[in-house]
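Let me begin by presenting the structure, written as C-alpha coordinates, before commenting on it.
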Amino acid sequence: MQHRTDQVLRTVKIQLRNGGDTPIQLVRAELRSPSFTGVGPVGTDTLVMNGDVATDIRIGYGQGVCTGPAGTLSAAPATAVLTLAGGREVALPLPYPNELLDYLLRTDCEQAEVHKVATATLTGLAARPDGTMAANVTLTRTGGTVPVVMTDLKGSILYRLTPAVATPPYGVLAAGQSTVDIPIVIDTSRCDPHAVGEVKKPYEFPAWLAVGDAPAVYTLIDVPAPARDTLLDLVRRTC
(Lines give C-alpha, C1' and ligand atoms only; values in the text may rest on other atoms or scores of the structure.)
Protein backbone atom coordinates (compact mmCIF):
# COMPACT_ATOMS: atom_id res chain seq x y z
CA MET A 1 0.00 0.00 0.00
CA GLN A 2 1.01 3.63 -0.35
CA HIS A 3 -0.74 6.49 1.43
CA ARG A 4 -0.12 10.25 1.23
CA THR A 5 2.56 10.26 3.91
CA ASP A 6 4.27 7.34 2.17
CA GLN A 7 4.33 9.28 -1.10
CA VAL A 8 6.16 12.14 0.59
CA LEU A 9 8.65 9.79 2.24
CA ARG A 10 9.01 7.54 -0.82
CA THR A 11 7.97 4.52 1.19
CA VAL A 12 5.42 1.74 0.91
CA LYS A 13 3.59 -0.14 3.62
CA ILE A 14 3.35 -3.88 3.85
CA GLN A 15 0.84 -5.69 6.03
CA LEU A 16 1.96 -8.54 8.26
CA ARG A 17 0.03 -11.25 10.09
CA ASN A 18 1.64 -13.46 12.70
CA GLY A 19 0.36 -17.02 12.62
CA GLY A 20 2.60 -18.19 15.45
CA ASP A 21 1.98 -18.53 19.15
CA THR A 22 3.81 -15.44 20.40
CA PRO A 23 4.35 -11.82 19.32
CA ILE A 24 7.37 -11.08 17.12
CA GLN A 25 9.59 -8.03 17.62
CA LEU A 26 10.97 -6.44 14.43
CA VAL A 27 14.06 -4.23 14.57
CA ARG A 28 14.86 -3.62 10.88
CA ALA A 29 13.06 -3.78 7.54
CA GLU A 30 14.31 -3.57 3.95
CA LEU A 31 12.78 -3.83 0.48
CA ARG A 32 14.93 -5.63 -2.07
CA SER A 33 14.20 -5.66 -5.79
CA PRO A 34 16.38 -5.23 -8.89
CA SER A 35 13.83 -2.64 -10.08
CA PHE A 36 14.57 -0.21 -7.21
CA THR A 37 17.76 1.12 -5.67
CA GLY A 38 16.41 0.55 -2.17
CA VAL A 39 17.55 2.45 0.90
CA GLY A 40 19.07 -0.40 2.87
CA PRO A 41 17.81 -1.75 6.21
CA VAL A 42 15.82 0.83 8.17
CA GLY A 43 15.34 0.55 11.91
CA THR A 44 11.85 -0.15 13.18
CA ASP A 45 10.42 -0.87 16.60
CA THR A 46 7.38 -2.91 15.65
CA LEU A 47 5.68 -5.65 17.59
CA VAL A 48 3.73 -8.01 15.34
CA MET A 49 1.05 -9.50 17.56
CA ASN A 50 -0.04 -13.08 17.04
CA GLY A 51 -3.60 -13.88 16.09
CA ASP A 52 -5.89 -12.30 13.53
CA VAL A 53 -4.38 -8.83 13.84
CA ALA A 54 -2.77 -7.04 10.87
CA THR A 55 0.34 -4.90 11.45
CA ASP A 56 1.59 -2.33 8.92
CA ILE A 57 5.27 -1.49 8.57
CA ARG A 58 6.83 1.17 6.37
CA ILE A 59 9.71 0.37 3.99
CA GLY A 60 11.66 2.75 1.73
CA TYR A 61 12.14 1.71 -1.88
CA GLY A 62 14.60 4.32 -3.20
CA GLN A 63 14.49 5.17 -6.91
CA GLY A 64 13.27 3.17 -9.85
CA VAL A 65 15.96 1.50 -11.94
CA CYS A 66 15.23 2.38 -15.56
CA THR A 67 16.29 -0.37 -17.95
CA GLY A 68 14.26 0.71 -20.98
CA PRO A 69 11.43 3.00 -22.11
CA ALA A 70 9.24 3.78 -19.10
CA GLY A 71 6.02 2.62 -20.75
CA THR A 72 7.41 -0.88 -21.26
CA LEU A 73 8.67 -1.49 -17.73
CA SER A 74 7.26 -3.80 -15.08
CA ALA A 75 8.74 -4.23 -11.62
CA ALA A 76 10.70 -7.40 -10.94
CA PRO A 77 9.78 -9.57 -7.95
CA ALA A 78 10.43 -7.84 -4.63
CA THR A 79 11.15 -9.16 -1.16
CA ALA A 80 10.68 -7.64 2.28
CA VAL A 81 13.63 -8.64 4.44
CA LEU A 82 12.75 -8.33 8.11
CA THR A 83 15.23 -8.57 10.98
CA LEU A 84 13.82 -9.93 14.23
CA ALA A 85 15.07 -9.14 17.71
CA GLY A 86 18.03 -11.45 18.19
CA GLY A 87 19.28 -10.98 14.61
CA ARG A 88 17.33 -13.57 12.65
CA GLU A 89 16.34 -12.45 9.13
CA VAL A 90 13.10 -13.44 7.45
CA ALA A 91 12.60 -12.87 3.70
CA LEU A 92 8.96 -12.49 2.65
CA PRO A 93 8.22 -12.36 -1.10
CA LEU A 94 5.77 -9.58 -1.94
CA PRO A 95 2.83 -10.24 -4.27
CA TYR A 96 3.94 -10.52 -7.91
CA PRO A 97 2.98 -9.09 -10.35
CA ASN A 98 2.57 -5.97 -8.23
CA GLU A 99 0.53 -3.08 -9.67
CA LEU A 100 1.79 -0.56 -7.11
CA LEU A 101 5.47 -1.31 -7.72
CA ASP A 102 4.83 -1.27 -11.48
CA TYR A 103 3.28 2.19 -11.13
CA LEU A 104 6.11 3.52 -8.94
CA LEU A 105 8.75 2.23 -11.34
CA ARG A 106 7.07 3.66 -14.44
CA THR A 107 6.43 7.02 -12.76
CA ASP A 108 10.08 7.36 -11.72
CA CYS A 109 11.29 6.41 -15.19
CA GLU A 110 8.81 8.67 -17.00
CA GLN A 111 10.02 11.59 -14.92
CA ALA A 112 13.65 10.63 -15.55
CA GLU A 113 13.00 10.65 -19.31
CA VAL A 114 11.43 14.12 -19.10
CA HIS A 115 14.24 15.48 -16.90
CA LYS A 116 16.78 14.47 -19.54
CA VAL A 117 15.15 17.11 -21.76
CA ALA A 118 13.70 19.78 -19.43
CA THR A 119 12.92 20.66 -15.82
CA ALA A 120 10.16 22.83 -14.37
CA THR A 121 10.87 25.28 -11.51
CA LEU A 122 8.71 27.82 -9.67
CA THR A 123 10.34 31.24 -10.02
CA GLY A 124 9.68 34.98 -9.86
CA LEU A 125 7.18 35.12 -7.00
CA ALA A 126 5.83 38.63 -6.44
CA ALA A 127 2.89 39.99 -4.48
CA ARG A 128 -0.11 41.31 -6.41
CA PRO A 129 -2.42 44.12 -5.21
CA ASP A 130 -5.29 41.66 -4.69
CA GLY A 131 -3.26 39.60 -2.20
CA THR A 132 -2.39 36.76 -4.58
CA MET A 133 1.08 36.01 -5.95
CA ALA A 134 2.37 36.34 -9.49
CA ALA A 135 4.91 33.68 -10.44
CA ASN A 136 6.39 31.73 -13.32
CA VAL A 137 6.87 28.07 -14.05
CA THR A 138 10.26 28.16 -15.75
CA LEU A 139 11.02 25.36 -18.20
CA THR A 140 14.77 24.89 -18.57
CA ARG A 141 16.28 22.69 -21.22
CA THR A 142 18.66 20.02 -19.96
CA GLY A 143 19.21 18.20 -23.24
CA GLY A 144 17.97 17.57 -26.77
CA THR A 145 16.41 20.08 -29.13
CA VAL A 146 12.78 18.93 -29.43
CA PRO A 147 9.87 21.08 -28.21
CA VAL A 148 8.52 20.59 -24.68
CA VAL A 149 4.85 21.50 -24.11
CA MET A 150 3.18 22.06 -20.74
CA THR A 151 -0.31 20.63 -21.22
CA ASP A 152 -1.54 20.96 -17.63
CA LEU A 153 -0.56 21.89 -14.09
CA LYS A 154 -2.21 21.68 -10.69
CA GLY A 155 -1.86 23.13 -7.23
CA SER A 156 -2.06 21.39 -3.87
CA ILE A 157 -4.53 21.27 -0.97
CA LEU A 158 -3.41 24.74 0.17
CA TYR A 159 -2.51 26.49 -3.08
CA ARG A 160 -4.31 27.13 -6.36
CA LEU A 161 -2.15 27.61 -9.46
CA THR A 162 -3.87 29.39 -12.35
CA PRO A 163 -2.07 29.78 -15.69
CA ALA A 164 -2.22 33.18 -17.38
CA VAL A 165 -3.32 31.41 -20.56
CA ALA A 166 -6.94 30.31 -20.29
CA THR A 167 -6.66 27.01 -22.18
CA PRO A 168 -3.85 24.51 -22.80
CA PRO A 169 -1.18 24.31 -23.93
CA TYR A 170 -0.02 26.69 -21.21
CA GLY A 171 3.51 27.12 -22.48
CA VAL A 172 6.02 25.78 -24.99
CA LEU A 173 9.78 25.41 -24.78
CA ALA A 174 10.43 25.68 -28.50
CA ALA A 175 12.89 23.50 -30.39
CA GLY A 176 16.39 24.68 -29.54
CA GLN A 177 15.15 27.20 -26.94
CA SER A 178 17.02 27.08 -23.61
CA THR A 179 14.38 28.46 -21.25
CA VAL A 180 10.86 29.87 -21.15
CA ASP A 181 8.73 31.43 -18.40
CA ILE A 182 5.08 30.38 -18.12
CA PRO A 183 3.19 33.04 -16.09
CA ILE A 184 0.80 31.85 -13.38
CA VAL A 185 -1.11 33.27 -10.41
CA ILE A 186 -1.01 31.58 -6.99
CA ASP A 187 -3.57 31.98 -4.24
CA THR A 188 -4.75 29.92 -1.30
CA SER A 189 -7.40 27.32 -2.01
CA ARG A 190 -8.25 26.29 1.57
CA CYS A 191 -7.82 27.91 4.97
CA ASP A 192 -9.68 25.54 7.26
CA PRO A 193 -7.62 24.31 10.24
CA HIS A 194 -7.71 20.69 9.09
CA ALA A 195 -6.19 21.53 5.69
CA VAL A 196 -3.56 23.88 7.09
CA GLY A 197 -2.58 21.65 10.00
CA GLU A 198 -2.68 18.24 8.35
CA VAL A 199 -1.44 18.89 4.81
CA LYS A 200 1.25 16.40 3.82
CA LYS A 201 2.38 17.81 0.47
CA PRO A 202 1.80 21.57 0.45
CA TYR A 203 4.44 22.33 -2.19
CA GLU A 204 3.95 19.33 -4.46
CA PHE A 205 2.65 20.90 -7.66
CA PRO A 206 2.09 18.45 -10.52
CA ALA A 207 2.69 19.38 -14.15
CA TRP A 208 2.29 17.42 -17.37
CA LEU A 209 4.98 17.86 -20.02
CA ALA A 210 4.92 16.46 -23.53
CA VAL A 211 8.38 15.99 -25.04
CA GLY A 212 8.34 16.07 -28.83
CA ASP A 213 5.54 13.87 -30.17
CA ALA A 214 5.31 11.72 -27.02
CA PRO A 215 2.23 11.80 -24.76
CA ALA A 216 2.32 14.19 -21.82
CA VAL A 217 3.99 12.80 -18.70
CA TYR A 218 3.37 13.65 -15.05
CA THR A 219 6.22 15.42 -13.28
CA LEU A 220 6.63 17.80 -10.34
CA ILE A 221 7.44 21.51 -10.36
CA ASP A 222 10.52 22.15 -8.25
CA VAL A 223 9.78 24.67 -5.48
CA PRO A 224 13.05 26.07 -4.05
CA ALA A 225 13.28 26.84 -0.33
CA PRO A 226 12.92 30.65 -0.71
CA ALA A 227 9.74 30.16 -2.75
CA ARG A 228 8.37 27.84 -0.05
CA ASP A 229 8.95 30.55 2.55
CA THR A 230 7.11 33.07 0.38
CA LEU A 231 4.18 30.70 -0.10
CA LEU A 232 4.01 30.06 3.63
CA ASP A 233 3.78 33.82 4.16
CA LEU A 234 0.89 33.89 1.68
CA VAL A 235 -1.03 31.37 3.81
CA ARG A 236 -0.31 33.34 6.98
CA ARG A 237 -1.58 36.55 5.41
CA THR A 238 -4.71 35.18 3.83
CA CYS A 239 -5.74 32.53 6.38
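Chains: A, B, ... in order of the C-alpha coordinates. Residues: from 1 per chain. Ligands: from 1, in order shown.
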### Task
Tell me, as a PyMOL selection string, which residues lie within 6 Å of stretch 190-202 of chain A, counting only C-alpha atoms; anything in the same chain fewer than 2 positions away does not count.
chain A and resi 156+158+188+204+239
Selection: 12 Å around A:Phe205, only C-alpha atoms, excl. self and same-chain fewer than 3 positions, as an mmCIF file with N, CA and C atoms, in the first residue's frame:
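So the final result, stored in part_39.cif, reads:
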data_model
loop_
_atom_site.group_PDB
_atom_site.id
_atom_site.type_symbol
_atom_site.label_atom_id
_atom_site.label_comp_id
_atom_site.auth_asym_id
_atom_site.auth_seq_id
_atom_site.Cartn_x
_atom_site.Cartn_y
_atom_site.Cartn_z
ATOM 1 N N ALA A 120 11.119 21.765 -14.658
ATOM 2 C CA ALA A 120 10.163 22.834 -14.366
ATOM 3 C C ALA A 120 10.431 23.343 -12.951
ATOM 4 N N THR A 121 10.543 24.672 -12.801
ATOM 5 C CA THR A 121 10.866 25.279 -11.511
ATOM 6 C C THR A 121 9.960 26.478 -11.272
ATOM 7 N N LEU A 122 9.509 26.654 -10.037
ATOM 8 C CA LEU A 122 8.715 27.821 -9.668
ATOM 9 C C LEU A 122 9.656 28.995 -9.409
ATOM 10 N N VAL A 137 6.291 29.397 -13.965
ATOM 11 C CA VAL A 137 6.874 28.066 -14.047
ATOM 12 C C VAL A 137 7.906 28.140 -15.165
ATOM 13 N N ASP A 152 -0.694 20.762 -18.811
ATOM 14 C CA ASP A 152 -1.543 20.956 -17.633
ATOM 15 C C ASP A 152 -0.657 21.176 -16.419
ATOM 16 N N LEU A 153 -1.219 21.782 -15.382
ATOM 17 C CA LEU A 153 -0.561 21.892 -14.088
ATOM 18 C C LEU A 153 -1.627 22.050 -13.025
ATOM 19 N N LYS A 154 -1.265 21.654 -11.803
ATOM 20 C CA LYS A 154 -2.210 21.679 -10.693
ATOM 21 C C LYS A 154 -1.529 22.284 -9.465
ATOM 22 N N GLY A 155 -2.364 22.690 -8.509
ATOM 23 C CA GLY A 155 -1.858 23.132 -7.231
ATOM 24 C C GLY A 155 -1.896 21.997 -6.219
ATOM 25 N N SER A 156 -1.995 22.374 -4.939
ATOM 26 C CA SER A 156 -2.064 21.393 -3.867
ATOM 27 C C SER A 156 -3.296 21.693 -3.014
ATOM 28 N N ILE A 157 -3.398 21.024 -1.870
ATOM 29 C CA ILE A 157 -4.529 21.266 -0.971
ATOM 30 C C ILE A 157 -4.600 22.741 -0.561
ATOM 31 N N LEU A 158 -3.440 23.359 -0.340
ATOM 32 C CA LEU A 158 -3.413 24.740 0.174
ATOM 33 C C LEU A 158 -3.346 25.801 -0.915
ATOM 34 N N TYR A 159 -2.797 25.459 -2.079
ATOM 35 C CA TYR A 159 -2.507 26.486 -3.080
ATOM 36 C C TYR A 159 -3.188 26.172 -4.406
ATOM 37 N N ARG A 160 -3.711 27.217 -5.033
ATOM 38 C CA ARG A 160 -4.312 27.130 -6.359
ATOM 39 C C ARG A 160 -3.369 27.793 -7.358
ATOM 40 N N LEU A 161 -3.004 27.070 -8.408
ATOM 41 C CA LEU A 161 -2.149 27.608 -9.465
ATOM 42 C C LEU A 161 -2.998 27.821 -10.715
ATOM 43 N N THR A 162 -3.046 29.057 -11.184
ATOM 44 C CA THR A 162 -3.866 29.392 -12.348
ATOM 45 C C THR A 162 -2.971 29.940 -13.451
ATOM 46 N N ILE A 186 -0.859 32.512 -8.107
ATOM 47 C CA ILE A 186 -1.005 31.581 -6.992
ATOM 48 C C ILE A 186 -1.832 32.239 -5.900
ATOM 49 N N LYS A 201 1.575 17.437 1.637
ATOM 50 C CA LYS A 201 2.382 17.808 0.471
ATOM 51 C C LYS A 201 2.005 19.215 0.002
ATOM 52 N N PRO A 202 2.267 20.228 0.819
ATOM 53 C CA PRO A 202 1.799 21.570 0.449
ATOM 54 C C PRO A 202 2.456 22.130 -0.801
ATOM 55 N N TRP A 208 2.225 18.435 -16.324
ATOM 56 C CA TRP A 208 2.286 17.420 -17.375
ATOM 57 C C TRP A 208 3.020 18.020 -18.561
ATOM 58 N N TYR A 218 3.447 13.005 -16.364
ATOM 59 C CA TYR A 218 3.367 13.649 -15.048
ATOM 60 C C TYR A 218 4.771 13.900 -14.504
ATOM 61 N N THR A 219 4.982 15.103 -13.993
ATOM 62 C CA THR A 219 6.219 15.416 -13.275
ATOM 63 C C THR A 219 5.871 16.410 -12.174
ATOM 64 N N LEU A 220 6.856 16.863 -11.433
ATOM 65 C CA LEU A 220 6.630 17.805 -10.344
ATOM 66 C C LEU A 220 7.399 19.093 -10.608
ATOM 67 N N ILE A 221 6.778 20.218 -10.271
ATOM 68 C CA ILE A 221 7.439 21.514 -10.362
ATOM 69 C C ILE A 221 8.335 21.670 -9.144
ATOM 70 N N ASP A 222 9.595 21.933 -9.371
ATOM 71 C CA ASP A 222 10.520 22.150 -8.253
ATOM 72 C C ASP A 222 10.199 23.480 -7.584
ATOM 73 N N VAL A 223 10.072 23.458 -6.255
ATOM 74 C CA VAL A 223 9.777 24.672 -5.484
ATOM 75 C C VAL A 223 10.960 24.917 -4.547
ATOM 76 N N ARG A 228 9.217 28.468 -1.070
ATOM 77 C CA ARG A 228 8.367 27.842 -0.050
ATOM 78 C C ARG A 228 8.106 28.815 1.096
#
### Exercise: A:Thr167 partners within 12 Å, only C-alpha atoms, chain neighbours under 2 positions left out, as JSON, numbers by chain
{"A": [150, 151, 152, 153, 162, 163, 164, 165, 169, 170, 171]}
### Task
Write down as a PyMOL selection string the residues belonging to stretch 56-178 of chain A that are assigned alpha helix (DSSP H) by DSSP computed on the backbone.
chain A and resi 99-115
Take the residues from that selection and write them out as a PDB file, in the first residue's frame, keeping N, CA and C atoms.
ATOM      1  N   GLU A  99       0.960  -4.287  -8.958  1.00  0.00           N
ATOM      2  CA  GLU A  99       0.528  -3.083  -9.669  1.00  0.00           C
ATOM      3  C   GLU A  99       1.126  -1.814  -9.063  1.00  0.00           C
ATOM      4  N   LEU A 100       1.243  -1.757  -7.732  1.00  0.00           N
ATOM      5  CA  LEU A 100       1.790  -0.562  -7.107  1.00  0.00           C
ATOM      6  C   LEU A 100       3.254  -0.378  -7.472  1.00  0.00           C
ATOM      7  N   LEU A 101       4.052  -1.435  -7.374  1.00  0.00           N
ATOM      8  CA  LEU A 101       5.470  -1.312  -7.717  1.00  0.00           C
ATOM      9  C   LEU A 101       5.651  -1.034  -9.207  1.00  0.00           C
ATOM     10  N   ASP A 102       4.790  -1.610 -10.054  1.00  0.00           N
ATOM     11  CA  ASP A 102       4.830  -1.270 -11.484  1.00  0.00           C
ATOM     12  C   ASP A 102       4.617   0.229 -11.676  1.00  0.00           C
ATOM     13  N   TYR A 103       3.599   0.764 -11.001  1.00  0.00           N
ATOM     14  CA  TYR A 103       3.280   2.191 -11.125  1.00  0.00           C
ATOM     15  C   TYR A 103       4.438   3.068 -10.629  1.00  0.00           C
ATOM     16  N   LEU A 104       5.013   2.722  -9.490  1.00  0.00           N
ATOM     17  CA  LEU A 104       6.112   3.524  -8.940  1.00  0.00           C
ATOM     18  C   LEU A 104       7.326   3.497  -9.869  1.00  0.00           C
ATOM     19  N   LEU A 105       7.624   2.339 -10.420  1.00  0.00           N
ATOM     20  CA  LEU A 105       8.754   2.227 -11.341  1.00  0.00           C
ATOM     21  C   LEU A 105       8.520   3.057 -12.587  1.00  0.00           C
ATOM     22  N   ARG A 106       7.347   2.929 -13.202  1.00  0.00           N
ATOM     23  CA  ARG A 106       7.072   3.656 -14.441  1.00  0.00           C
ATOM     24  C   ARG A 106       7.040   5.157 -14.199  1.00  0.00           C
ATOM     25  N   THR A 107       6.468   5.585 -13.061  1.00  0.00           N
ATOM     26  CA  THR A 107       6.428   7.016 -12.759  1.00  0.00           C
ATOM     27  C   THR A 107       7.824   7.579 -12.612  1.00  0.00           C
ATOM     28  N   ASP A 108       8.693   6.895 -11.874  1.00  0.00           N
ATOM     29  CA  ASP A 108      10.078   7.358 -11.722  1.00  0.00           C
ATOM     30  C   ASP A 108      10.770   7.457 -13.072  1.00  0.00           C
ATOM     31  N   CYS A 109      10.561   6.450 -13.910  1.00  0.00           N
ATOM     32  CA  CYS A 109      11.286   6.413 -15.186  1.00  0.00           C
ATOM     33  C   CYS A 109      10.705   7.388 -16.201  1.00  0.00           C
ATOM     34  N   GLU A 110       9.396   7.634 -16.153  1.00  0.00           N
ATOM     35  CA  GLU A 110       8.809   8.674 -16.999  1.00  0.00           C
ATOM     36  C   GLU A 110       9.384  10.043 -16.630  1.00  0.00           C
ATOM     37  N   GLN A 111       9.476  10.308 -15.345  1.00  0.00           N
ATOM     38  CA  GLN A 111      10.025  11.591 -14.917  1.00  0.00           C
ATOM     39  C   GLN A 111      11.499  11.707 -15.288  1.00  0.00           C
ATOM     40  N   ALA A 112      12.235  10.607 -15.172  1.00  0.00           N
ATOM     41  CA  ALA A 112      13.654  10.635 -15.554  1.00  0.00           C
ATOM     42  C   ALA A 112      13.816  10.938 -17.041  1.00  0.00           C
ATOM     43  N   GLU A 113      12.922  10.384 -17.868  1.00  0.00           N
ATOM     44  CA  GLU A 113      12.998  10.652 -19.306  1.00  0.00           C
ATOM     45  C   GLU A 113      12.724  12.124 -19.607  1.00  0.00           C
ATOM     46  N   VAL A 114      11.723  12.705 -18.903  1.00  0.00           N
ATOM     47  CA  VAL A 114      11.427  14.122 -19.096  1.00  0.00           C
ATOM     48  C   VAL A 114      12.597  14.982 -18.630  1.00  0.00           C
ATOM     49  N   HIS A 115      13.169  14.653 -17.469  1.00  0.00           N
ATOM     50  CA  HIS A 115      14.243  15.483 -16.905  1.00  0.00           C
ATOM     51  C   HIS A 115      15.508  15.461 -17.753  1.00  0.00           C
TER      52      HIS A 115
END
### Task
Identify all residues of stretch 27-93 of chain A in strand (DSSP E or B) (DSSP on the backbone) and supply them as a VMD selection string.
chain A and resid 27 to 32 36 42 to 48 50 54 to 60 64 79 to 84 89 to 93
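Relative to atom CA of A:Gly124, atom CA of A:Ile184 is found at 10.1 Å.
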### Message
One number please: atom CA of A:Gln63 to atom CA of A:Gly143, in Å, one decimal.
### Response
21.4 Å
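Distances here use only C-alpha atoms; by that measure, the residue among A:Val149, A:Leu94, A:Met49, A:Met1 closest to A:Thr22 is A:Met49.
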